[in-house]
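Take a look at the structure below.
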Number of protein chains: 2
Amino acid sequence: MIETDVLKREEWDLWDTWMRAQRLLAQEIERGLQREFGISKAEFSVLVALLRASGPQVRVMALGEALGWEKSRVSHQLTRMESRGLVERTEGGTSGRRTGIGLTTDGRHLAESAILGHLGNVRRFFLDPLSPEQAAAIRAWSESMIDRVELRGVDTTALDAGA
Amino acid sequence: MIETDVLKREEWDLWDTWMRAQRLLAQEIERGLQREFGISKAEFSVLVALLRASGPQVRVMALGEALGWEKSRVSHQLTRMESRGLVERTEGGTSGRRTGIGLTTDGRHLAESAILGHLGNVRRFFLDPLSPEQAAAIRAWSESMIDRVELRGVDTTALDAGA
DNA sequence: ATCAACAAGTTGATGCATCAACTTATAAGA
DNA sequence: TCTTATAAGTTGATGCATCAACTTGTTGAT
């Protein structure tokens, strides 16, 4: 597409096509969450992480690690979700300090149903249309990509609810 | 990862791994642009689209179509880039109206060198590590994904500088 | 027990993406 | 030509992601 000899036309097409497909899939999944449950991908990730957490109260830091998010991202996101009533910051220890955060009843209900819907969408849009060979190729490529990047850089391990 | 029988563990792993790999690649490419040329992916897309435009002046709408972006996104982006001096809105017709936008000299230089760097990075991070079978699988999957989504929905065709 | 260093958490600022509302051009009909 | 409908473009608001700066707790050495 772009005139240069660094990349052959076919190579650029592959890149372009792949990027577009990937973007469409991500959009599709995200729109599913929005349409069916009225939540964003970021909200979904937090809800799931809290649902899967050990206790009813989690420290912000622990949540951040589960998500692979830096603390300020978590904090901002929690602020927004708190104002939506999905989550609450509660006093956590003996003293009256506002440490620890947990799901509200609304948040818990939403999380539980959204998970099912999300997984269904992942199946419908990603897994079902995948031939076995494609699945194998994608798995192999993904793993080597992750190795290449993570071995020589920062570790970005995350649940992040994938998508 | 998530306990449910909607997805088998292996299936979820595939999804999770694939999403992570895709995110890492996108990040890598974007960080390359930022590190080597000090521009974002959005800025790069606009620079390239303007460079490839027919004349020195383009209408915002035409730019939007080339990018596959809606008009307000284009407008906001142009405002930011104008303030960085990469782009300028100029009088376009007979009258003194501010229609049409074009690259500044800085913008043009940046565009020209960034393209080469970007394509090199695409090659290094995406194309080179790809085996022929993986390339074929990814191409096939991408095309069917695009068909599935676009055939029954909005057309999201875009140059968008892929990544 | 005090104080210094570090960890946890919040806040503000900036850029990007999207939606809705608004203004201004342009073109078509009367 | 005047008017009005539609297209083009801007603006404002909101959410998300990231960086840097700041506050507050916790811990540990003395």
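Chain labels follow the order of the structure tokens: the first chain is A, the next B, and so on; residue numbering restarts at 1 in every chain, and ligands are counted from 1 in their shown order.
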Moved coordinates, chain A onto chain B, all Cα atoms, as a PDB file with C-alpha atoms, in the first residue's frame:
```pdb
ATOM      1  CA  MET A   1      -9.099 -19.345  33.412  1.00  0.00           C
ATOM      2  CA  ILE A   2     -12.584 -18.294  34.281  1.00  0.00           C
ATOM      3  CA  GLU A   3     -14.587 -21.062  35.820  1.00  0.00           C
ATOM      4  CA  THR A   4     -17.511 -21.970  33.688  1.00  0.00           C
ATOM      5  CA  ASP A   5     -18.324 -24.631  31.185  1.00  0.00           C
ATOM      6  CA  VAL A   6     -19.079 -22.232  28.384  1.00  0.00           C
ATOM      7  CA  LEU A   7     -15.429 -22.403  27.459  1.00  0.00           C
ATOM      8  CA  LYS A   8     -12.942 -25.154  28.030  1.00  0.00           C
ATOM      9  CA  ARG A   9      -9.738 -24.199  29.707  1.00  0.00           C
ATOM     10  CA  GLU A  10      -7.777 -24.700  26.554  1.00  0.00           C
ATOM     11  CA  GLU A  11     -10.075 -22.498  24.588  1.00  0.00           C
ATOM     12  CA  TRP A  12      -9.862 -19.705  27.084  1.00  0.00           C
ATOM     13  CA  ASP A  13      -6.079 -20.022  27.080  1.00  0.00           C
ATOM     14  CA  LEU A  14      -6.010 -19.633  23.352  1.00  0.00           C
ATOM     15  CA  TRP A  15      -8.122 -16.506  23.522  1.00  0.00           C
ATOM     16  CA  ASP A  16      -6.130 -15.068  26.372  1.00  0.00           C
ATOM     17  CA  THR A  17      -2.788 -15.803  24.779  1.00  0.00           C
ATOM     18  CA  TRP A  18      -3.839 -14.436  21.468  1.00  0.00           C
ATOM     19  CA  MET A  19      -5.175 -11.252  22.962  1.00  0.00           C
ATOM     20  CA  ARG A  20      -2.028 -10.710  24.931  1.00  0.00           C
ATOM     21  CA  ALA A  21       0.215 -11.307  21.937  1.00  0.00           C
ATOM     22  CA  GLN A  22      -1.781  -8.964  19.808  1.00  0.00           C
ATOM     23  CA  ARG A  23      -1.635  -6.271  22.461  1.00  0.00           C
ATOM     24  CA  LEU A  24       2.101  -6.659  22.887  1.00  0.00           C
ATOM     25  CA  LEU A  25       2.705  -6.380  19.175  1.00  0.00           C
ATOM     26  CA  ALA A  26       0.581  -3.269  18.872  1.00  0.00           C
ATOM     27  CA  GLN A  27       2.362  -1.734  21.825  1.00  0.00           C
ATOM     28  CA  GLU A  28       5.734  -2.574  20.414  1.00  0.00           C
ATOM     29  CA  ILE A  29       4.942  -0.958  17.102  1.00  0.00           C
ATOM     30  CA  GLU A  30       3.458   2.092  18.736  1.00  0.00           C
ATOM     31  CA  ARG A  31       6.363   2.525  21.111  1.00  0.00           C
ATOM     32  CA  GLY A  32       8.681   2.312  18.140  1.00  0.00           C
ATOM     33  CA  LEU A  33       6.997   5.294  16.554  1.00  0.00           C
ATOM     34  CA  GLN A  34       7.093   7.194  19.796  1.00  0.00           C
ATOM     35  CA  ARG A  35      10.695   6.397  20.588  1.00  0.00           C
ATOM     36  CA  GLU A  36      12.154   6.871  17.147  1.00  0.00           C
ATOM     37  CA  PHE A  37      10.050   9.724  15.856  1.00  0.00           C
ATOM     38  CA  GLY A  38       8.190  11.165  18.796  1.00  0.00           C
ATOM     39  CA  ILE A  39       4.781  10.609  17.277  1.00  0.00           C
ATOM     40  CA  SER A  40       1.758   8.546  18.166  1.00  0.00           C
ATOM     41  CA  LYS A  41       0.078   6.017  15.960  1.00  0.00           C
ATOM     42  CA  ALA A  42      -2.760   8.456  15.329  1.00  0.00           C
ATOM     43  CA  GLU A  43      -0.351  11.165  14.274  1.00  0.00           C
ATOM     44  CA  PHE A  44       1.487   8.739  12.056  1.00  0.00           C
ATOM     45  CA  SER A  45      -1.718   7.727  10.335  1.00  0.00           C
ATOM     46  CA  VAL A  46      -2.597  11.314   9.582  1.00  0.00           C
ATOM     47  CA  LEU A  47       0.875  12.173   8.349  1.00  0.00           C
ATOM     48  CA  VAL A  48       0.916   9.224   5.985  1.00  0.00           C
ATOM     49  CA  ALA A  49      -2.549   9.922   4.696  1.00  0.00           C
ATOM     50  CA  LEU A  50      -1.627  13.514   3.955  1.00  0.00           C
ATOM     51  CA  LEU A  51       1.617  12.513   2.312  1.00  0.00           C
ATOM     52  CA  ARG A  52      -0.233  10.136   0.056  1.00  0.00           C
ATOM     53  CA  ALA A  53      -2.968  12.611  -0.740  1.00  0.00           C
ATOM     54  CA  SER A  54      -3.328  13.891  -4.242  1.00  0.00           C
ATOM     55  CA  GLY A  55      -2.523  17.533  -3.653  1.00  0.00           C
ATOM     56  CA  PRO A  56      -0.992  19.706  -0.993  1.00  0.00           C
ATOM     57  CA  GLN A  57      -4.420  20.594   0.325  1.00  0.00           C
ATOM     58  CA  VAL A  58      -7.003  18.066   1.349  1.00  0.00           C
ATOM     59  CA  ARG A  59     -10.479  18.508   2.661  1.00  0.00           C
ATOM     60  CA  VAL A  60     -11.096  17.174   6.128  1.00  0.00           C
ATOM     61  CA  MET A  61     -13.783  14.886   4.814  1.00  0.00           C
ATOM     62  CA  ALA A  62     -11.491  13.322   2.239  1.00  0.00           C
ATOM     63  CA  LEU A  63      -8.870  12.750   4.885  1.00  0.00           C
ATOM     64  CA  GLY A  64     -11.449  11.148   7.099  1.00  0.00           C
ATOM     65  CA  GLU A  65     -12.453   8.772   4.363  1.00  0.00           C
ATOM     66  CA  ALA A  66      -8.876   7.822   3.598  1.00  0.00           C
ATOM     67  CA  LEU A  67      -8.368   7.031   7.255  1.00  0.00           C
ATOM     68  CA  GLY A  68     -11.737   5.488   7.914  1.00  0.00           C
ATOM     69  CA  TRP A  69     -12.238   7.994  10.713  1.00  0.00           C
ATOM     70  CA  GLU A  70     -15.332   9.957  11.534  1.00  0.00           C
ATOM     71  CA  LYS A  71     -15.149  13.673  11.051  1.00  0.00           C
ATOM     72  CA  SER A  72     -14.972  14.703  14.678  1.00  0.00           C
ATOM     73  CA  ARG A  73     -12.094  12.377  15.335  1.00  0.00           C
ATOM     74  CA  VAL A  74     -10.250  13.897  12.425  1.00  0.00           C
ATOM     75  CA  SER A  75     -11.003  17.392  13.573  1.00  0.00           C
ATOM     76  CA  HIS A  76      -9.801  16.838  17.109  1.00  0.00           C
ATOM     77  CA  GLN A  77      -6.680  15.124  15.880  1.00  0.00           C
ATOM     78  CA  LEU A  78      -5.925  17.940  13.463  1.00  0.00           C
ATOM     79  CA  THR A  79      -6.302  20.467  16.236  1.00  0.00           C
ATOM     80  CA  ARG A  80      -3.704  18.682  18.294  1.00  0.00           C
ATOM     81  CA  MET A  81      -1.362  18.246  15.369  1.00  0.00           C
ATOM     82  CA  GLU A  82      -1.789  21.833  14.309  1.00  0.00           C
ATOM     83  CA  SER A  83      -0.655  22.933  17.735  1.00  0.00           C
ATOM     84  CA  ARG A  84       2.383  20.710  17.335  1.00  0.00           C
ATOM     85  CA  GLY A  85       3.125  22.315  13.998  1.00  0.00           C
ATOM     86  CA  LEU A  86       2.844  19.146  11.959  1.00  0.00           C
ATOM     87  CA  VAL A  87      -0.119  20.269   9.967  1.00  0.00           C
ATOM     88  CA  GLU A  88      -1.813  23.475   8.963  1.00  0.00           C
ATOM     89  CA  ARG A  89      -5.319  24.470   8.068  1.00  0.00           C
ATOM     90  CA  THR A  90      -5.206  26.770   5.099  1.00  0.00           C
ATOM     91  CA  GLU A  91      -7.539  28.841   3.032  1.00  0.00           C
ATOM     92  CA  GLY A  92      -8.654  26.596   0.300  1.00  0.00           C
ATOM     93  CA  GLY A  93     -10.704  28.210  -2.407  1.00  0.00           C
ATOM     94  CA  THR A  94     -11.214  31.581  -3.913  1.00  0.00           C
ATOM     95  CA  SER A  95     -12.579  33.020  -0.704  1.00  0.00           C
ATOM     96  CA  GLY A  96     -10.663  33.248   2.525  1.00  0.00           C
ATOM     97  CA  ARG A  97     -12.353  30.288   4.139  1.00  0.00           C
ATOM     98  CA  ARG A  98     -10.390  27.848   6.240  1.00  0.00           C
ATOM     99  CA  THR A  99     -11.098  24.726   4.321  1.00  0.00           C
ATOM    100  CA  GLY A 100      -8.424  22.210   3.440  1.00  0.00           C
ATOM    101  CA  ILE A 101      -5.497  21.069   5.472  1.00  0.00           C
ATOM    102  CA  GLY A 102      -1.930  20.189   4.561  1.00  0.00           C
ATOM    103  CA  LEU A 103       1.438  19.148   5.913  1.00  0.00           C
ATOM    104  CA  THR A 104       3.910  21.677   7.161  1.00  0.00           C
ATOM    105  CA  THR A 105       7.519  21.241   6.126  1.00  0.00           C
ATOM    106  CA  ASP A 106       8.235  19.666   9.472  1.00  0.00           C
ATOM    107  CA  GLY A 107       5.283  17.378   9.059  1.00  0.00           C
ATOM    108  CA  ARG A 108       6.401  16.272   5.643  1.00  0.00           C
ATOM    109  CA  HIS A 109       9.928  15.492   6.755  1.00  0.00           C
ATOM    110  CA  LEU A 110       8.675  13.606   9.744  1.00  0.00           C
ATOM    111  CA  ALA A 111       6.217  11.642   7.665  1.00  0.00           C
ATOM    112  CA  GLU A 112       8.862  10.627   5.167  1.00  0.00           C
ATOM    113  CA  SER A 113      11.293   9.293   7.689  1.00  0.00           C
ATOM    114  CA  ALA A 114       8.696   7.777   9.962  1.00  0.00           C
ATOM    115  CA  ILE A 115       7.299   5.661   7.169  1.00  0.00           C
ATOM    116  CA  LEU A 116      10.593   3.935   6.624  1.00  0.00           C
ATOM    117  CA  GLY A 117      11.104   3.330  10.286  1.00  0.00           C
ATOM    118  CA  HIS A 118       7.596   2.052  10.749  1.00  0.00           C
ATOM    119  CA  LEU A 119       7.793  -0.380   7.889  1.00  0.00           C
ATOM    120  CA  GLY A 120      11.070  -1.637   9.224  1.00  0.00           C
ATOM    121  CA  ASN A 121       9.466  -2.272  12.565  1.00  0.00           C
ATOM    122  CA  VAL A 122       6.544  -4.055  11.000  1.00  0.00           C
ATOM    123  CA  ARG A 123       8.994  -6.296   9.229  1.00  0.00           C
ATOM    124  CA  ARG A 124      11.063  -6.923  12.298  1.00  0.00           C
ATOM    125  CA  PHE A 125       8.285  -7.565  14.756  1.00  0.00           C
ATOM    126  CA  PHE A 126       5.590  -9.070  12.599  1.00  0.00           C
ATOM    127  CA  LEU A 127       6.677 -10.339   9.214  1.00  0.00           C
ATOM    128  CA  ASP A 128      10.109 -11.771   9.870  1.00  0.00           C
ATOM    129  CA  PRO A 129       9.122 -13.981  12.796  1.00  0.00           C
ATOM    130  CA  LEU A 130       6.200 -15.403  10.830  1.00  0.00           C
ATOM    131  CA  SER A 131       6.516 -18.849   9.331  1.00  0.00           C
ATOM    132  CA  PRO A 132       4.867 -19.354   5.924  1.00  0.00           C
ATOM    133  CA  GLU A 133       2.176 -21.558   7.415  1.00  0.00           C
ATOM    134  CA  GLN A 134       1.484 -19.039  10.111  1.00  0.00           C
ATOM    135  CA  ALA A 135       1.281 -16.305   7.535  1.00  0.00           C
ATOM    136  CA  ALA A 136      -1.197 -18.317   5.511  1.00  0.00           C
ATOM    137  CA  ALA A 137      -3.314 -19.112   8.532  1.00  0.00           C
ATOM    138  CA  ILE A 138      -3.327 -15.547   9.708  1.00  0.00           C
ATOM    139  CA  ARG A 139      -4.247 -14.282   6.301  1.00  0.00           C
ATOM    140  CA  ALA A 140      -7.087 -16.753   5.978  1.00  0.00           C
ATOM    141  CA  TRP A 141      -8.407 -16.032   9.407  1.00  0.00           C
ATOM    142  CA  SER A 142      -8.169 -12.284   8.944  1.00  0.00           C
ATOM    143  CA  GLU A 143     -10.035 -12.346   5.703  1.00  0.00           C
ATOM    144  CA  SER A 144     -12.852 -14.448   7.022  1.00  0.00           C
ATOM    145  CA  MET A 145     -13.093 -12.316  10.133  1.00  0.00           C
ATOM    146  CA  ILE A 146     -13.377  -9.187   8.040  1.00  0.00           C
ATOM    147  CA  ASP A 147     -15.977 -10.789   5.821  1.00  0.00           C
ATOM    148  CA  ARG A 148     -18.042 -11.958   8.740  1.00  0.00           C
ATOM    149  CA  VAL A 149     -18.118  -8.593  10.415  1.00  0.00           C
ATOM    150  CA  GLU A 150     -18.288  -6.291   7.473  1.00  0.00           C
ATOM    151  CA  LEU A 151     -20.806  -8.200   5.471  1.00  0.00           C
ATOM    152  CA  ARG A 152     -23.393  -7.799   8.109  1.00  0.00           C
ATOM    153  CA  GLY A 153     -22.455  -4.427   9.472  1.00  0.00           C
ATOM    154  CA  VAL A 154     -20.848  -1.125   8.947  1.00  0.00           C
ATOM    155  CA  ASP A 155     -17.989  -0.801   6.576  1.00  0.00           C
ATOM    156  CA  THR A 156     -14.882   0.102   8.480  1.00  0.00           C
ATOM    157  CA  THR A 157     -12.458   0.116   5.608  1.00  0.00           C
ATOM    158  CA  ALA A 158      -9.420   2.088   6.513  1.00  0.00           C
ATOM    159  CA  LEU A 159      -5.858   2.673   5.682  1.00  0.00           C
ATOM    160  CA  ASP A 160      -5.346   3.790   9.251  1.00  0.00           C
ATOM    161  CA  ALA A 161      -1.682   3.021   8.748  1.00  0.00           C
ATOM    162  CA  GLY A 162      -2.231  -0.376  10.257  1.00  0.00           C
ATOM    163  CA  ALA A 163      -1.347  -0.214  13.916  1.00  0.00           C
TER     164      ALA A 163
END
```
Give the residues of chain D that lie within 9 Å of chain B; count only C-alpha atoms (C1' of nucleotides), and format the answer as a list in words.
DA8, DG9 and DT10 of chain D
All alpha helix (DSSP H) positions in segment 10-160 of chain B, as a ChimeraX atom specification:
/B:10-37,41-51,60-67,71-83,105-122,132-151
Please list as a list in words every residue within 12 Å of DA13 of chain C, counting only C-alpha atoms (C1' of nucleotides) and excluding residues in the same chain fewer than 2 positions away.
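Once the adjacent positions are removed, what remains is DT11 and DG15 of chain C; DT18, DC19, DA20 and DA21 of chain D.
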So that I can see what lies close to DT26 of chain D, please list as number ranges by chain the residues with an atom at most 10 Å from it, counting only C-alpha atoms (C1' of nucleotides) and leaving out residues fewer than 4 positions away in the same chain.
C: 6-8
Could you please determine the separation between atom C1' of DT6 of chain D and atom C1' of DA20 of chain C in Å, to one decimal place?
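According to the coordinates, atom C1' of DT6 of chain D and atom C1' of DA20 of chain C are separated by 17.8 Å.
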Report the distance between atom C1' of DA30 of chain C and atom C1' of DT4 of chain D in Å, rounded to one decimal place.
10.3 Å
Apply DSSP to the backbone of this structure and, from chain B, keep only the residues in strand (DSSP E or B); write these as an NGL selection string.
:B and (58 or 87-89 or 101-103)
Dump N, CA and C atoms for the selected residues as a compact mmCIF listing (two decimals), in the first residue's frame?
```
# COMPACT_ATOMS: atom_id res chain seq x y z
N VAL B 58 -5.96 19.07 1.36
CA VAL B 58 -7.00 18.05 1.37
C VAL B 58 -8.16 18.58 2.20
N VAL B 87 0.97 20.16 10.94
CA VAL B 87 -0.11 20.26 9.97
C VAL B 87 -0.64 21.67 10.02
N GLU B 88 -1.19 22.14 8.90
CA GLU B 88 -1.80 23.46 8.97
C GLU B 88 -3.11 23.51 8.20
N ARG B 89 -4.03 24.23 8.77
CA ARG B 89 -5.30 24.46 8.07
C ARG B 89 -5.10 25.73 7.27
N ILE B 101 -6.59 21.13 4.56
CA ILE B 101 -5.49 21.05 5.49
C ILE B 101 -4.31 20.41 4.77
N GLY B 102 -3.12 20.72 5.21
CA GLY B 102 -1.93 20.18 4.57
C GLY B 102 -0.78 20.01 5.54
N LEU B 103 0.25 19.34 5.08
CA LEU B 103 1.44 19.13 5.91
C LEU B 103 2.28 20.40 5.97
```
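Distances to DC16 of chain C were evaluated for D:DA17, D:DT30, D:DC2, D:DC22 using only C-alpha atoms (C1' of nucleotides), and the minimum falls at D:DA17.
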Atom C1' of DT14 of chain D sits from atom C1' of DA25 of chain C at a separation of 29.3 Å
